[in-house]
file run_25.csv (CSV, C-alpha atoms and all ligand atoms)
chain,number,residue,atom,x,y,z
D,205,MET,CA,-38.6,26.0,12.5
D,206,LYS,CA,-39.4,25.1,8.8
D,207,ILE,CA,-37.3,23.3,6.2
D,208,ILE,CA,-36.9,24.8,2.8
D,209,LEU,CA,-36.4,22.0,0.3
D,210,GLY,CA,-33.4,23.1,-1.8
D,211,PRO,CA,-33.6,21.7,-5.3
D,212,ALA,CA,-30.2,20.0,-5.0
D,213,SER,CA,-31.2,18.1,-1.8
D,214,LYS,CA,-35.0,17.7,-2.0
D,215,GLU,CA,-35.0,14.1,-0.9
D,216,LEU,CA,-32.6,14.7,1.9
D,217,GLY,CA,-34.6,17.7,3.1
D,218,GLU,CA,-37.8,15.7,3.0
D,219,LYS,CA,-36.3,12.8,5.0
D,220,THR,CA,-34.8,15.3,7.5
D,221,ALA,CA,-38.1,17.1,8.0
D,222,LYS,CA,-39.9,13.8,8.6
D,223,LEU,CA,-37.4,12.7,11.3
D,224,ALA,CA,-37.3,16.2,12.9
D,225,ASN,CA,-41.1,16.6,12.6
D,226,LEU,CA,-40.7,19.9,10.8
D,227,GLU,CA,-43.0,21.5,8.2
D,228,THR,CA,-41.5,21.8,4.7
D,229,VAL,CA,-41.5,24.8,2.3
D,230,PRO,CA,-41.5,23.6,-1.3
D,231,VAL,CA,-39.4,25.6,-3.8
D,232,ALA,CA,-40.3,26.2,-7.5
D,233,HIS,CA,-37.1,26.5,-9.6
D,234,LYS,CA,-36.0,26.7,-13.2
D,235,THR,CA,-33.1,27.7,-15.3
D,236,PHE,CA,-33.7,30.4,-17.9
D,237,PRO,CA,-32.6,29.7,-21.5
D,238,ASP,CA,-29.4,31.8,-20.9
D,239,GLY,CA,-28.5,29.7,-17.9
D,240,GLU,CA,-29.6,32.0,-15.1
D,241,SER,CA,-31.3,30.4,-12.0
D,242,TYR,CA,-34.7,31.2,-10.6
D,243,VAL,CA,-36.3,30.1,-7.3
D,244,ARG,CA,-39.6,30.9,-5.5
D,245,LEU,CA,-40.7,29.8,-2.0
D,246,GLU,CA,-44.1,28.2,-2.4
D,247,SER,CA,-45.4,28.8,1.2
D,248,SER,CA,-45.1,31.4,3.9
D,249,VAL,CA,-41.9,31.8,6.0
D,250,GLN,CA,-43.1,35.0,7.8
D,251,ASP,CA,-41.5,35.2,11.3
D,252,ASP,CA,-40.0,31.7,10.9
D,253,HIS,CA,-36.6,30.3,11.6
D,254,VAL,CA,-36.0,28.5,8.3
D,255,VAL,CA,-33.5,25.8,7.5
D,256,ILE,CA,-32.5,25.5,3.8
D,257,VAL,CA,-31.2,22.1,2.9
D,258,GLN,CA,-29.1,22.5,-0.2
D,259,THR,CA,-25.9,20.7,-1.1
D,260,THR,CA,-23.4,22.5,-3.5
D,261,SER,CA,-21.9,19.6,-5.4
D,262,PRO,CA,-21.6,19.9,-9.2
D,263,PRO,CA,-23.0,22.0,-10.8
D,264,GLN,CA,-21.7,23.9,-7.8
D,265,ASP,CA,-22.0,27.4,-9.2
D,266,SER,CA,-25.7,27.2,-10.0
D,267,ARG,CA,-26.4,25.4,-6.8
D,268,LEU,CA,-24.7,28.2,-4.9
D,269,MET,CA,-26.8,30.8,-6.7
D,270,GLN,CA,-30.0,28.8,-5.9
D,271,LEU,CA,-28.9,28.8,-2.2
D,272,ALA,CA,-28.2,32.5,-2.2
D,273,PHE,CA,-31.5,33.2,-3.9
D,274,MET,CA,-33.5,31.0,-1.4
D,275,ALA,CA,-31.8,32.7,1.5
D,276,ALA,CA,-32.6,36.1,0.1
D,277,ALA,CA,-36.2,35.1,-0.7
D,278,ALA,CA,-36.6,33.9,2.8
D,279,LYS,CA,-35.4,37.2,4.3
D,280,THR,CA,-37.4,39.2,1.8
D,281,ASN,CA,-40.5,37.3,2.7
D,282,GLY,CA,-40.2,37.8,6.5
D,283,ALA,CA,-38.1,34.9,7.8
D,284,ARG,CA,-36.6,35.7,11.2
D,285,ARG,CA,-33.5,33.6,10.8
D,286,VAL,CA,-31.9,31.5,8.0
D,287,THR,CA,-29.8,28.5,8.7
D,288,ALA,CA,-28.2,26.7,5.7
D,289,VAL,CA,-27.5,23.0,5.9
D,290,VAL,CA,-24.9,22.5,3.1
D,291,PRO,CA,-23.7,18.9,3.5
D,292,TYR,CA,-21.1,19.4,0.7
D,293,LEU,CA,-19.7,22.9,0.8
D,294,ALA,CA,-18.2,23.7,-2.6
D,295,TYR,CA,-14.9,25.5,-2.7
D,296,ALA,CA,-14.0,24.5,0.8
D,297,ARG,CA,-10.7,23.0,-0.4
D,298,GLN,CA,-9.4,26.5,-1.4
D,299,ASP,CA,-9.3,27.7,2.2
D,300,LYS,CA,-6.0,29.5,2.0
D,301,LEU,CA,-3.6,31.1,-0.5
D,302,PHE,CA,-1.5,28.3,-1.9
D,303,LEU,CA,0.1,30.4,-4.7
D,304,GLN,CA,0.6,34.0,-5.3
D,305,GLY,CA,-2.3,35.7,-7.2
D,306,GLU,CA,-5.0,33.3,-5.9
D,307,ASN,CA,-8.2,34.2,-3.9
D,308,ILE,CA,-9.5,32.3,-0.8
D,309,SER,CA,-12.5,30.9,-2.6
D,310,ILE,CA,-14.4,29.7,0.5
D,311,LYS,CA,-14.1,33.2,2.0
D,312,THR,CA,-15.5,34.8,-1.1
D,313,ILE,CA,-18.4,32.3,-1.3
D,314,THR,CA,-19.4,32.4,2.3
D,315,HIS,CA,-19.3,36.2,2.5
D,316,MET,CA,-21.6,36.3,-0.6
D,317,LEU,CA,-24.0,33.9,1.1
D,318,GLY,CA,-23.9,36.0,4.3
D,319,GLU,CA,-24.9,39.1,2.2
D,320,ALA,CA,-27.7,37.1,0.7
D,321,GLY,CA,-29.2,36.5,4.2
D,322,ILE,CA,-27.7,33.3,5.7
D,323,ASP,CA,-27.1,33.6,9.5
D,324,ALA,CA,-25.8,30.1,10.4
D,325,LEU,CA,-24.2,27.2,8.5
D,326,ILE,CA,-24.2,23.5,9.2
D,327,THR,CA,-21.8,21.5,7.1
D,328,VAL,CA,-20.9,17.8,7.1
D,329,ASN,CA,-17.2,16.8,7.2
D,330,ILE,CA,-15.9,20.0,5.7
D,331,HIS,CA,-12.6,19.4,4.1
D,332,GLN,CA,-10.6,21.3,6.8
D,333,LYS,CA,-12.2,22.9,9.8
D,334,ASP,CA,-9.7,25.8,9.3
D,335,ALA,CA,-12.1,26.9,6.6
D,336,PHE,CA,-14.5,28.0,9.4
D,337,GLU,CA,-12.0,30.9,10.1
D,338,MET,CA,-12.9,32.3,6.7
D,339,PHE,CA,-16.7,32.5,7.4
D,340,PRO,CA,-18.4,35.7,8.2
D,341,LYS,CA,-17.6,36.5,11.9
D,342,GLN,CA,-21.3,36.7,13.0
D,343,TRP,CA,-22.2,33.2,11.6
D,344,THR,CA,-23.1,30.4,13.9
D,345,ARG,CA,-21.3,27.4,12.4
D,346,LYS,CA,-21.3,23.6,13.0
D,347,ASN,CA,-19.6,20.8,11.3
D,348,LEU,CA,-21.2,17.3,11.6
D,349,THR,CA,-19.4,14.1,11.0
D,350,ALA,CA,-20.9,11.2,9.1
D,351,ILE,CA,-17.9,8.9,9.6
D,352,PRO,CA,-19.5,6.8,12.4
D,353,LEU,CA,-22.6,6.2,10.1
D,354,LEU,CA,-20.3,5.1,7.3
D,355,ALA,CA,-18.4,2.8,9.6
D,356,GLU,CA,-21.6,1.3,11.0
D,357,TYR,CA,-22.6,0.4,7.4
D,358,PHE,CA,-19.5,-1.9,7.2
D,359,VAL,CA,-20.2,-3.4,10.7
D,360,LYS,CA,-23.7,-4.2,9.6
D,361,HIS,CA,-22.4,-5.8,6.4
D,362,GLY,CA,-20.1,-8.1,8.3
D,363,TYR,CA,-16.8,-6.2,8.2
D,364,ALA,CA,-16.3,-5.3,11.9
D,365,LYS,CA,-12.5,-5.2,12.7
D,366,ALA,CA,-11.7,-4.0,9.2
D,367,PHE,CA,-8.6,-1.8,9.0
D,368,ALA,CA,-9.6,1.9,8.5
D,369,LEU,CA,-7.2,3.6,6.1
D,370,ALA,CA,-6.8,7.3,5.5
D,371,PRO,CA,-5.4,8.1,2.0
D,372,ASP,CA,-3.3,11.0,3.5
D,373,LYS,CA,-2.2,12.2,6.9
D,374,GLY,CA,-4.8,15.0,6.9
D,375,ALA,CA,-7.6,12.4,6.8
D,376,MET,CA,-6.2,10.4,9.7
D,377,TYR,CA,-8.8,11.8,12.1
D,378,ILE,CA,-11.4,10.3,9.8
D,379,ALA,CA,-9.8,6.9,9.9
D,380,GLU,CA,-9.6,7.2,13.7
D,381,HIS,CA,-13.3,8.0,13.9
D,382,ALA,CA,-14.1,5.0,11.8
D,383,GLN,CA,-11.7,2.8,13.9
D,384,ARG,CA,-13.7,3.6,17.0
D,385,VAL,CA,-16.8,2.0,15.4
D,386,LEU,CA,-15.0,-0.8,13.5
D,387,GLY,CA,-12.7,-1.9,16.3
D,388,GLY,CA,-9.8,-2.8,14.0
D,389,GLY,CA,-6.5,-1.0,13.1
D,390,ALA,CA,-6.1,2.4,11.5
D,391,GLY,CA,-3.4,4.1,9.6
D,392,HIS,CA,-2.6,6.5,6.7
D,393,LEU,CA,-0.7,6.8,3.5
D,394,GLU,CA,1.5,9.7,2.7
D,395,LYS,CA,0.3,11.9,-0.2
D,396,GLN,CA,2.1,14.8,-1.8
D,397,ARG,CA,0.5,17.2,-4.3
D,398,ASP,CA,2.2,19.3,-6.9
D,399,ARG,CA,0.4,22.6,-6.5
D,400,TYR,CA,0.9,23.6,-10.2
D,401,THR,CA,0.0,20.3,-12.0
D,402,GLY,CA,-2.3,18.9,-9.3
D,403,GLN,CA,-0.5,15.5,-9.7
D,404,THR,CA,-0.3,13.5,-6.5
D,405,THR,CA,2.1,10.8,-5.3
D,406,GLN,CA,1.3,8.3,-2.5
D,407,THR,CA,3.4,6.0,-0.4
D,408,GLY,CA,2.5,3.4,2.2
D,409,GLU,CA,5.7,2.9,4.2
D,410,GLY,CA,5.4,1.1,7.5
D,411,LEU,CA,1.8,0.1,6.9
D,412,ASP,CA,1.0,-3.5,7.9
D,413,VAL,CA,-2.3,-4.6,6.2
D,414,LYS,CA,-1.3,-8.0,4.9
D,415,GLY,CA,-4.2,-10.4,4.7
D,416,GLN,CA,-6.6,-7.8,6.1
D,417,THR,CA,-9.9,-6.3,4.9
D,418,VAL,CA,-9.3,-2.6,4.5
D,419,VAL,CA,-11.8,0.3,4.1
D,420,ILE,CA,-10.3,3.5,2.7
D,421,PHE,CA,-12.1,6.4,4.3
D,422,ASP,CA,-12.0,9.9,2.8
D,423,ASP,CA,-14.1,13.0,3.0
D,424,ILE,CA,-14.5,13.4,-0.8
D,425,ILE,CA,-14.1,11.2,-3.8
D,426,SER,CA,-13.9,13.4,-6.8
D,427,THR,CA,-11.9,11.9,-9.8
D,428,GLY,CA,-11.2,8.8,-7.8
D,429,GLY,CA,-7.4,9.2,-8.4
D,430,THR,CA,-6.7,9.2,-4.6
D,431,ILE,CA,-8.5,6.0,-4.0
D,432,VAL,CA,-7.1,4.3,-7.2
D,433,GLY,CA,-3.6,5.2,-6.0
D,434,ALA,CA,-4.3,3.9,-2.4
D,435,ALA,CA,-5.8,0.7,-3.7
D,436,LYS,CA,-2.7,0.0,-5.8
D,437,ILE,CA,-0.5,0.4,-2.7
D,438,LEU,CA,-2.8,-1.8,-0.6
D,439,ARG,CA,-2.7,-4.6,-3.2
D,440,GLU,CA,1.1,-4.3,-3.2
D,441,LEU,CA,1.1,-4.6,0.6
D,442,GLY,CA,-1.0,-7.8,0.4
D,443,ALA,CA,-4.4,-6.5,1.6
D,444,ALA,CA,-7.0,-9.3,1.3
D,445,ARG,CA,-10.1,-7.2,0.5
D,446,ILE,CA,-10.5,-3.4,-0.3
D,447,PHE,CA,-13.5,-1.2,0.1
D,448,THR,CA,-13.9,2.6,0.2
D,449,ALA,CA,-16.2,5.0,1.9
D,450,CYS,CA,-16.6,8.7,1.6
D,451,VAL,CA,-19.0,11.4,2.9
D,452,HIS,CA,-19.2,13.3,-0.4
D,453,PRO,CA,-19.3,11.0,-3.5
D,454,VAL,CA,-18.8,13.7,-6.1
D,455,LEU,CA,-17.6,11.0,-8.5
D,456,VAL,CA,-16.6,13.0,-11.5
D,457,GLY,CA,-16.9,11.2,-14.9
D,458,ASN,CA,-16.1,7.5,-14.6
D,459,ALA,CA,-14.5,7.7,-11.1
D,460,GLU,CA,-16.5,4.8,-9.7
D,461,LYS,CA,-15.5,2.5,-12.6
D,462,ARG,CA,-11.8,3.5,-12.2
D,463,ILE,CA,-12.0,2.6,-8.5
D,464,LEU,CA,-13.7,-0.7,-9.1
D,465,ASP,CA,-11.3,-1.5,-11.8
D,466,ALA,CA,-8.5,-0.9,-9.3
D,467,GLY,CA,-9.7,-3.8,-7.2
D,468,VAL,CA,-12.0,-2.0,-4.8
D,469,GLU,CA,-15.1,-4.1,-4.1
D,470,GLU,CA,-17.6,-1.4,-3.2
D,471,VAL,CA,-17.9,2.4,-3.1
D,472,VAL,CA,-20.1,3.6,-0.2
D,473,GLY,CA,-21.1,7.2,0.1
D,474,THR,CA,-23.8,9.3,1.8
D,475,ASP,CA,-26.6,11.3,0.3
D,476,SER,CA,-24.6,14.5,0.8
D,477,VAL,CA,-24.2,14.3,-3.0
D,478,PRO,CA,-27.1,12.6,-4.7
D,479,SER,CA,-25.7,9.4,-6.4
D,480,HIS,CA,-26.4,5.7,-6.6
D,481,VAL,CA,-23.6,5.0,-4.1
D,482,GLY,CA,-25.3,7.2,-1.4
D,483,LYS,CA,-26.2,4.2,0.7
D,484,VAL,CA,-26.0,6.0,4.0
D,485,SER,CA,-28.4,8.9,4.7
D,486,LEU,CA,-27.4,12.0,6.5
D,487,ALA,CA,-31.0,12.7,7.5
D,488,PRO,CA,-30.8,11.3,11.1
D,489,LEU,CA,-27.6,13.3,11.7
D,490,ILE,CA,-29.0,16.5,10.5
D,491,ALA,CA,-32.4,16.0,12.2
D,492,LYS,CA,-30.6,15.5,15.5
D,493,ALA,CA,-28.6,18.7,15.0
D,494,LEU,CA,-31.7,20.7,14.2
D,495,LYS,CA,-33.6,19.3,17.2
D,496,ALA,CA,-30.7,20.2,19.4
D,497,GLN,CA,-30.7,23.8,18.0
D,498,GLU,CA,-34.5,24.1,18.5
D,499,SER,CA,-34.4,23.0,22.1
D,500,GLY,CA,-31.1,24.9,22.8
D,601,LIG,C1,-8.1,15.8,-0.6
D,601,LIG,O1,-7.3,16.1,0.3
D,601,LIG,C2,-9.4,15.2,-0.3
D,601,LIG,O2,-9.5,14.7,1.0
D,601,LIG,C3,-9.7,14.0,-1.2
D,601,LIG,O3,-8.7,13.0,-1.0
D,601,LIG,C4,-9.6,14.4,-2.6
D,601,LIG,O4,-10.4,15.6,-2.8
D,601,LIG,C5,-10.1,13.3,-3.6
D,601,LIG,O5,-10.0,13.8,-4.9
D,601,LIG,P1,-9.8,12.7,-6.1
D,601,LIG,O6,-10.9,11.7,-5.9
D,601,LIG,O7,-9.9,13.6,-7.3
D,601,LIG,O8,-8.5,12.1,-5.9

call {"tool": "encode", "arguments": {"input": "run_25.csv", "output": "structure tokens"}}
result
Amino acid sequence: MKIILGPASKELGEKTAKLANLETVPVAHKTFPDGESYVRLESSVQDDHVVIVQTTSPPQDSRLMQLAFMAAAAKTNGARRVTAVVPYLAYARQDKLFLQGENISIKTITHMLGEAGIDALITVNIHQKDAFEMFPKQWTRKNLTAIPLLAEYFVKHGYAKAFALAPDKGAMYIAEHAQRVLGGGAGHLEKQRDRYTGQTTQTGEGLDVKGQTVVIFDDIISTGGTIVGAAKILRELGAARIFTACVHPVLVGNAEKRILDAGVEEVVGTDSVPSHVGKVSLAPLIAKALKAQESG
């Protein structure tokens, strides 16, 4: 097994290779003046099972093209099998038809990647596991969870017993994962989204967090709107201290500032999406999954 260092996750790929004791395949890449992507594998992959580590956070479309091109280059140059490790899988939130006239984006994307040469996919905290149903039938698929690693960060920093809050019911399983490590309470807000405007409303009925340290756990922080809304409710409910943690810190525009301005003390993310809040590395988690695959 060899690791192809995708341009979007070079550092994560290198760390993972070191932990899993795997050889790396460097990738030369550039963007042509008209915006088209180019990649070239810089060492042999003949007869190898290769693992491409490439996240698809913004700019997601060009990162997806790079991923498809790396997979195709691997197969064209003799790779036996291609596993893609895509910690943040773009378009996973459009995993069904919400409105008439739409497409299921994650189905379209994964089938394109399958055509390019990918045989197996490893994701980390995919938005909804239901999205797996949309993947090409023949794919081996695995979804890892980074929530225990994020919760351990808070234990190490002195916040054991903090309350784990999910910003909506769908993320309650995340809060429950975190609770197992933190050892405090857990609960969720209610969130409703208007499918046409994208506007959300949140409520915190029945939640008792008065005087408590609360960590809001989510899979993704994008604009920060969800966390800002949750923090407002937590302040109204009398929470003593508020933190937030997410697996995928997409952090569009001034999302982090908006969150800190809303009274959240710290934003903690993983290196699923390269950013300065990526204080928890996914490398040990991915290395363990690859080792298990190799020996299985
Ligand atoms: C939605 O259901 C997700 O779990 C996140 O809560 C959402 O994507 C966060 O987006 P934003 O930061 O833009 O509110």

call {"tool": "residues_near_ligand", "arguments": {"input": "run_25.csv", "ligand": "ligand LIG 601 (chain D)", "cutoff": "6 Å", "atoms": "only C-alpha atoms and all ligand atoms", "output": "list of chain:residue names"}}
result
D:Asp422, D:Asp423, D:Ile424, D:Ile425, D:Ser426, D:Thr427, D:Gly428, D:Gly429, D:Thr430

call {"tool": "closest_residue", "arguments": {"input": "run_25.csv", "among": "D:Asn458, D:Asn225, D:Gln383, D:Ser213", "to": "D:Lys492", "atoms": "all atoms listed in the file"}}
result
D:Asn225

call {"tool": "atom_distance", "arguments": {"input": "run_25.csv", "atom1": "atom CA of D:Gln416", "atom2": "atom CA of D:Gly482"}}
result
25.1 Å

call {"tool": "residues_around", "arguments": {"input": "run_25.csv", "residues": "D:Pro262", "least_positions_apart": "2", "cutoff": "9 Å", "atoms": "only C-alpha atoms", "output": "list in words"}}
result
Thr260, Gln264, Asp265, Ser266, Arg267, Ala294, Val454, Val456 and Val477 of chain D

call {"tool": "closest_residue", "arguments": {"input": "run_25.csv", "among": "D:Leu293, D:Met205, D:Ile326, D:Ile378", "to": "D:Gln250", "atoms": "only C-alpha atoms"}}
result
D:Met205

call {"tool": "residues_around", "arguments": {"input": "run_25.csv", "residues": "D:Val432", "least_positions_apart": "5", "cutoff": "8 Å", "atoms": "all atoms listed in the file", "output": "PDB file with C-alpha atoms, in the coordinates of the input"}}
result
ATOM      1  CA  ARG D 462     -11.800   3.500 -12.200  1.00  0.00           C
ATOM      2  CA  ILE D 463     -12.000   2.600  -8.500  1.00  0.00           C
ATOM      3  CA  ALA D 466      -8.500  -0.900  -9.300  1.00  0.00           C
TER       4      ALA D 466
END

call {"tool": "atom_distance", "arguments": {"input": "run_25.csv", "atom1": "atom CA of D:Leu271", "atom2": "atom CA of D:Ser247"}}
result
16.8 Å

call {"tool": "closest_residue", "arguments": {"input": "run_25.csv", "among": "D:Ser241, D:Gln497, D:Thr287, D:Asn307", "to": "D:Asp323", "atoms": "only C-alpha atoms"}}
result
D:Thr287

call {"tool": "closest_residue", "arguments": {"input": "run_25.csv", "among": "D:Ala443, D:Val257, D:Ile330, D:Glu460", "to": "D:Lys219", "atoms": "only C-alpha atoms"}}
result
D:Val257

call {"tool": "residues_around", "arguments": {"input": "run_25.csv", "residues": "stretch 345-360 of chain D", "least_positions_apart": "4", "cutoff": "10 Å", "atoms": "all atoms listed in the file", "output": "NGL selection string"}}
result
:D and (287-291 or 323-330 or 333 or 336 or 339-341 or 364-366 or 368 or 377-387 or 419 or 421-423 or 447-452 or 472-474 or 476 or 483-486 or 488-490 or 493)

call {"tool": "atom_distance", "arguments": {"input": "run_25.csv", "atom1": "atom CA of D:Leu369", "atom2": "atom CA of D:Arg399"}}
result
24.0 Å

call {"tool": "residues_around", "arguments": {"input": "run_25.csv", "residues": "D:Thr314", "least_positions_apart": "3", "cutoff": "8 Å", "atoms": "only C-alpha atoms", "output": "ChimeraX atom specification"}}
result
/D:310-311,317-318,338-340

call {"tool": "closest_residue", "arguments": {"input": "run_25.csv", "among": "D:Leu223, D:Met269, D:Val286, D:Val254", "to": "D:Thr235", "atoms": "all atoms listed in the file"}}
result
D:Met269
